[in-house]
Structures are given as structure tokens and as C-alpha cells.
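Source file: start.txt. Holds: compact mmCIF, C-alpha atoms.
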```
# COMPACT_ATOMS: atom_id res chain seq x y z
CA MET A 379 1.42 -107.82 13.54
CA TRP A 380 1.12 -107.28 9.76
CA ARG A 381 -2.46 -106.17 10.25
CA CYS A 382 -1.30 -103.59 12.78
CA LEU A 383 1.41 -102.27 10.41
CA ALA A 384 -1.11 -102.07 7.57
CA SER A 385 -3.50 -100.02 9.69
CA LEU A 386 -0.65 -97.71 10.76
CA SER A 387 0.31 -97.23 7.12
CA ALA A 388 -3.29 -96.42 6.17
CA ALA A 389 -3.58 -94.01 9.11
CA SER A 390 -0.36 -92.20 8.17
CA GLU A 391 -1.61 -91.77 4.59
CA SER A 392 -4.75 -90.09 5.89
CA LEU A 393 -2.61 -87.71 7.99
CA GLN A 394 -1.14 -86.10 4.87
CA PRO A 395 -1.86 -82.36 4.57
CA GLN A 396 -5.08 -81.69 2.71
CA PRO A 397 -5.57 -78.81 0.26
CA ALA A 398 -6.47 -75.54 2.00
CA ILE A 399 -9.82 -75.35 0.25
CA ARG A 400 -11.00 -78.50 1.99
CA LEU A 401 -10.14 -77.26 5.49
CA LEU A 402 -13.45 -77.18 7.26
CA SER A 403 -11.98 -78.56 10.43
CA ARG A 404 -9.78 -76.88 12.97
CA TYR A 405 -7.21 -79.62 12.39
CA PRO A 406 -4.75 -79.22 9.52
CA TYR A 407 -4.70 -82.96 8.85
CA ALA A 408 -7.43 -85.46 8.12
CA MET A 409 -8.11 -87.52 11.22
CA PRO A 410 -8.15 -91.31 10.86
CA ALA A 411 -11.56 -92.92 11.16
CA ARG A 412 -12.40 -94.78 14.34
CA HIS A 413 -13.75 -98.09 13.22
CA GLY A 414 -16.06 -99.98 15.53
CA ILE A 415 -17.08 -96.97 17.62
CA ASP A 416 -20.76 -96.23 17.23
CA LEU A 417 -21.56 -92.85 18.72
CA PRO A 418 -24.94 -91.21 18.31
CA ALA A 419 -24.93 -88.35 15.84
CA LYS A 420 -24.81 -84.99 17.57
CA SER A 421 -27.69 -82.67 16.87
CA LYS A 422 -26.50 -79.31 15.56
CA GLY A 423 -29.39 -77.62 17.31
CA ARG A 424 -32.76 -76.93 15.91
CA SER A 425 -33.31 -76.15 12.27
CA ALA A 426 -35.26 -73.32 10.73
CA PRO A 427 -39.03 -73.82 10.60
CA TYR A 428 -41.15 -73.58 7.47
CA PRO A 429 -38.68 -75.20 5.02
CA PHE A 430 -40.99 -74.43 2.09
CA ILE A 431 -39.99 -70.78 2.45
CA LEU A 432 -36.29 -71.53 2.16
CA GLU A 433 -36.99 -73.78 -0.82
CA ALA A 434 -38.88 -70.95 -2.52
CA LEU A 435 -35.99 -68.55 -1.87
CA ALA A 436 -33.28 -71.00 -2.98
CA PRO A 437 -32.50 -69.11 -6.25
CA LEU A 438 -31.42 -66.13 -4.09
CA GLU A 439 -29.04 -68.35 -2.06
CA PRO A 440 -30.30 -67.12 1.32
CA GLU A 441 -28.16 -67.26 4.43
CA VAL A 442 -29.99 -68.52 7.52
CA ARG A 443 -28.67 -67.62 10.97
CA PRO A 444 -30.09 -68.13 14.47
CA MET A 445 -31.43 -64.86 15.86
CA PHE A 446 -33.27 -64.31 19.13
CA SER A 447 -35.99 -66.95 19.20
CA GLY A 448 -35.99 -67.66 15.47
CA PHE A 449 -33.91 -67.74 12.32
CA ALA A 450 -32.93 -64.66 10.35
CA VAL A 451 -32.90 -64.99 6.58
CA TYR A 452 -30.42 -62.81 4.72
CA VAL A 453 -30.16 -62.19 0.99
CA GLY A 454 -26.79 -60.61 0.42
CA ASP A 455 -26.24 -58.13 3.24
CA LYS A 456 -29.96 -57.53 3.75
CA ILE A 457 -32.08 -59.23 6.37
CA VAL A 458 -35.40 -59.94 4.67
CA LEU A 459 -37.26 -62.35 6.96
CA MET A 460 -37.22 -64.07 10.29
CA LEU A 461 -38.76 -67.50 10.72
CA ARG A 462 -40.12 -68.23 14.18
CA ASP A 463 -41.85 -71.28 15.64
CA THR A 464 -41.28 -71.64 19.39
CA PRO A 465 -43.54 -72.52 22.32
CA LYS A 466 -42.88 -69.23 24.12
CA HIS A 467 -45.23 -66.52 22.86
CA PRO A 468 -46.78 -68.67 20.10
CA GLU A 469 -48.91 -65.72 19.01
CA ASP A 470 -45.75 -64.30 17.38
CA ASN A 471 -44.85 -67.47 15.48
CA GLY A 472 -44.74 -67.24 11.71
CA VAL A 473 -42.81 -65.19 9.19
CA TRP A 474 -41.52 -61.82 10.28
CA LEU A 475 -41.19 -59.59 7.22
CA VAL A 476 -38.51 -56.89 7.30
CA PHE A 477 -39.51 -53.80 5.36
CA SER A 478 -37.00 -51.35 3.89
CA GLU A 479 -36.41 -47.80 5.04
CA THR A 480 -38.33 -46.52 2.00
CA ALA A 481 -41.40 -48.77 2.40
CA ASN A 482 -44.62 -46.99 3.29
CA LEU A 483 -46.19 -49.33 5.84
CA THR A 484 -49.50 -47.46 5.64
CA ASP A 485 -49.77 -48.27 1.93
CA PRO A 486 -53.01 -50.26 1.32
CA GLY A 487 -51.09 -52.38 -1.21
CA ILE A 488 -49.23 -54.06 1.66
CA ARG A 489 -52.54 -55.01 3.30
CA ARG A 490 -53.79 -56.36 -0.06
CA ASP A 491 -50.62 -58.43 -0.50
CA PHE A 492 -50.68 -59.67 3.10
CA PRO A 493 -54.21 -59.59 4.59
CA SER A 494 -53.21 -61.13 7.93
CA ILE A 495 -50.11 -58.99 8.50
CA ARG A 496 -49.83 -57.35 11.92
CA LEU A 497 -47.38 -55.88 14.44
CA ILE A 498 -45.16 -58.26 16.40
CA GLY A 499 -46.12 -58.35 20.07
CA LEU A 500 -42.66 -59.39 21.30
CA LEU A 501 -41.14 -56.25 19.84
CA GLY A 502 -43.50 -54.05 21.83
CA GLY A 503 -43.89 -51.56 19.00
CA LYS A 504 -40.21 -50.57 19.30
CA ILE A 505 -39.27 -51.85 15.84
CA GLY A 506 -41.92 -50.61 13.46
CA HIS A 507 -40.54 -51.91 10.17
CA TRP A 508 -40.98 -55.60 11.08
CA ARG A 509 -44.39 -57.18 10.54
CA LEU A 510 -45.74 -60.67 11.17
CA ILE A 511 -47.55 -63.11 8.95
CA PRO A 512 -48.95 -65.26 11.79
CA ALA A 513 -48.47 -69.03 11.49
CA ASP A 514 -52.00 -69.62 12.82
CA SER A 515 -53.55 -67.60 9.98
CA SER A 516 -55.66 -69.60 7.51
CA THR A 517 -53.73 -67.92 4.66
CA PHE A 518 -50.25 -68.30 6.20
CA GLU A 519 -48.67 -70.46 3.50
CA SER A 520 -50.07 -68.51 0.57
CA GLU A 521 -49.04 -65.16 2.09
CA ALA A 522 -45.56 -66.46 2.97
CA LEU A 523 -45.06 -67.80 -0.55
CA HIS A 524 -46.31 -64.51 -2.01
CA GLY A 525 -43.67 -62.74 0.09
CA CYS A 526 -41.06 -65.10 -1.39
CA GLU A 527 -42.30 -64.29 -4.91
CA LEU A 528 -41.91 -60.57 -4.19
CA LEU A 529 -38.39 -61.14 -2.83
CA LEU A 530 -37.49 -63.13 -5.96
CA LYS A 531 -38.67 -60.13 -8.01
CA GLN A 532 -36.44 -57.93 -5.82
CA ASP A 533 -39.32 -55.86 -4.48
CA ALA A 534 -37.75 -52.70 -3.02
CA ARG A 535 -40.16 -52.71 -0.08
CA PHE A 536 -38.30 -55.58 1.60
CA GLY A 537 -34.98 -55.91 3.36
CA ARG A 538 -32.61 -53.81 5.42
CA ILE A 539 -28.92 -53.90 5.99
CA PRO A 540 -28.53 -54.37 9.76
CA GLN A 541 -26.22 -51.99 11.59
CA SER A 542 -23.88 -54.89 12.39
CA ARG A 543 -23.33 -55.52 8.67
CA LYS A 544 -22.99 -51.82 7.83
CA THR A 545 -20.08 -51.33 10.23
CA ARG A 546 -18.27 -54.56 9.37
CA PRO A 547 -15.03 -53.79 7.53
CA ARG A 548 -15.13 -54.91 3.94
CA ARG A 549 -12.75 -57.67 2.95
CA ARG A 550 -10.31 -56.54 0.33
CA PRO A 551 -9.39 -58.89 -2.48
CA ALA A 552 -5.98 -60.45 -2.15
CA THR A 553 -3.50 -58.53 -4.24
CA ASP A 554 0.23 -58.59 -4.68
CA ASN A 555 1.41 -55.29 -3.20
CA ARG A 556 5.08 -55.78 -4.01
CA ALA A 557 6.62 -53.01 -6.06
CA VAL A 558 7.83 -53.92 -9.53
CA HIS A 559 11.01 -52.26 -10.67
CA VAL A 560 11.62 -52.06 -14.38
CA VAL A 561 15.27 -52.05 -15.34
CA GLY A 562 15.83 -50.65 -18.75
```
Taking this structure as input, can you express it in the form of C-alpha cells?
Amino acid sequence: MWRCLASLSAASESLQPQPAIRLLSRYPYAMPARHGIDLPAKSKGRSAPYPFILEALAPLEPEVRPMFSGFAVYVGDKIVLMLRDTPKHPEDNGVWLVFSETANLTDPGIRRDFPSIRLIGLLGGKIGHWRLIPADSSTFESEALHGCELLLKQDARFGRIPQSRKTRPRRRPATDNRAVHVVG
């Protein structure tokens, strides 16, 4: 009986409200642990391929989000890359570079920087500012890392703000809007 009361006491302590900053759960209280229940860890889905690219971009604190059949890589509001490695249409696996509105894709410098770069078949020529560094290229890793170096140098040829991020309302900083009356 004492053991039961002790466990209830420990459980009630863990149900105390936690600071708001730690709320990553939908529950406002910490849930007591279930001892003795061994459940397999749930997979959170597949992870982004080519981790060396994300490691190279780490100083920019990239945001990685699932997109279509790959993973979009954002730096700030700009989408700069997509990483794709899936069995469907393997010819389009690799790093999809996103060029800016001002980039001249006919510039020979782009071909010098990325010798294996080509159009993306899945896009059917409809999106012309995305190009592929194919994963099956013999120079894939060196070209992908060179792209990361250029992104780290903030090369203006890369990145676009997607329409979905352009139209999103900006969050305003929290301010105290109460009027202050000075009595004097």
C-alpha cells in the first residue's frame, strides 16, 4: 500500500504545470512515465537523404521540410535546394538547385560550377529555374558541396521565396498596446 501511495505522489508531482517554453506536447501537463511497457519506437517517417549536404549548410541553420517526393531545404524564407532519393523516377534523384529570379541560367559560369547540371524530367520543363545535380553523376558529391559553399557565401544566384511564404502574414512582435495616461 505504501508503495502505491509513493507512486501516486510521484505521479502527482510530475503533473504540475510546466513552463510554457517547454510545451512541445499538446498536453499542458507532463505525463507520468509508464514503467514496464516496452513499445517499439515509432518512426517519424523517412529522413532527408544526403546528410553531408545538411551538415555543410549547418551554419545557415537550414529548415528541412517534406515536399513532393523529396525534402525542401530553406534558408530563411528562401527555398534553396530539394533533396530527392526515391525509387520512383530515379533519374531525377539528387540535389535540385533553386535559382533566383535574377540568375541567368544560360550563363556558362553555371555550367563550369556544375558540369552535370540538367533539367528535371519530373517537372516537364514547366519550372525552368530548378536544375538537377544527378545523384548518379560521378561528380555528384563535389558538385553538391560546391553548391553548399556558394550558399554559405550567399551567392545571389540561388534561392527564391515561394509564393506560399510571400503571402503568409507576418507575425508582429508582442507589444503592450494599453494606453498610458500621465496625470500631472
Original post:
CA of Gly454 in chain A and CA of Ala522 in chain A are how many Å apart?
Top reply: 19.8 Å
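CA of Pro512 in chain A sits 24.7 Å away from CA of Pro437 in chain A.
Of the residues listed (A:Leu438, A:Ile488, A:Val458, A:Cys526), A:Val458 shows the shortest atom-to-atom separation from Pro540 in chain A; distances use all atoms listed in the file.
Of note, CA of Ser447 in chain A and CA of Ala434 in chain A are spaced 22.3 Å apart.
Proximity ranking of A:Phe492, A:Tyr428, A:Tyr452, A:Trp474 relative to His507 in chain A places A:Trp474 first, based on all atoms listed in the file.
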Subject >> Surrounding residues of Gly499 in chain A excluding itself and chain neighbours under 5 positions, 9 Å, all atoms listed in the file, as number ranges by chain >> reply: A: 467, 469-470
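Comparing A:Leu510, A:Ala426, A:Leu432, A:Leu501 by their smallest distance to Thr464 in chain A, the closest is A:Ala426 (using only C-alpha atoms).
Distance check against Arg424 in chain A using all atoms listed in the file: of A:Met460, A:Ala450, A:Phe518, A:Pro444, the minimum falls on A:Pro444.
Excluding Ser542 in chain A itself and any same-chain residue fewer than 6 positions from it, the protein and nucleic acid residues within 12 Å of it, counting all atoms listed in the file, are Asp455, Lys456 and Ile457 of chain A.
Checking A:Leu529, A:Leu461, A:Leu500, A:Ala534 one by one against Ala513 in chain A, counting all atoms listed in the file, you find the shortest gap at A:Leu461.
In this comparison, which uses all atoms listed in the file, the residue of A:Arg538, A:Lys531, A:His524, A:Arg509 approaching Leu497 in chain A most closely is A:Arg509.
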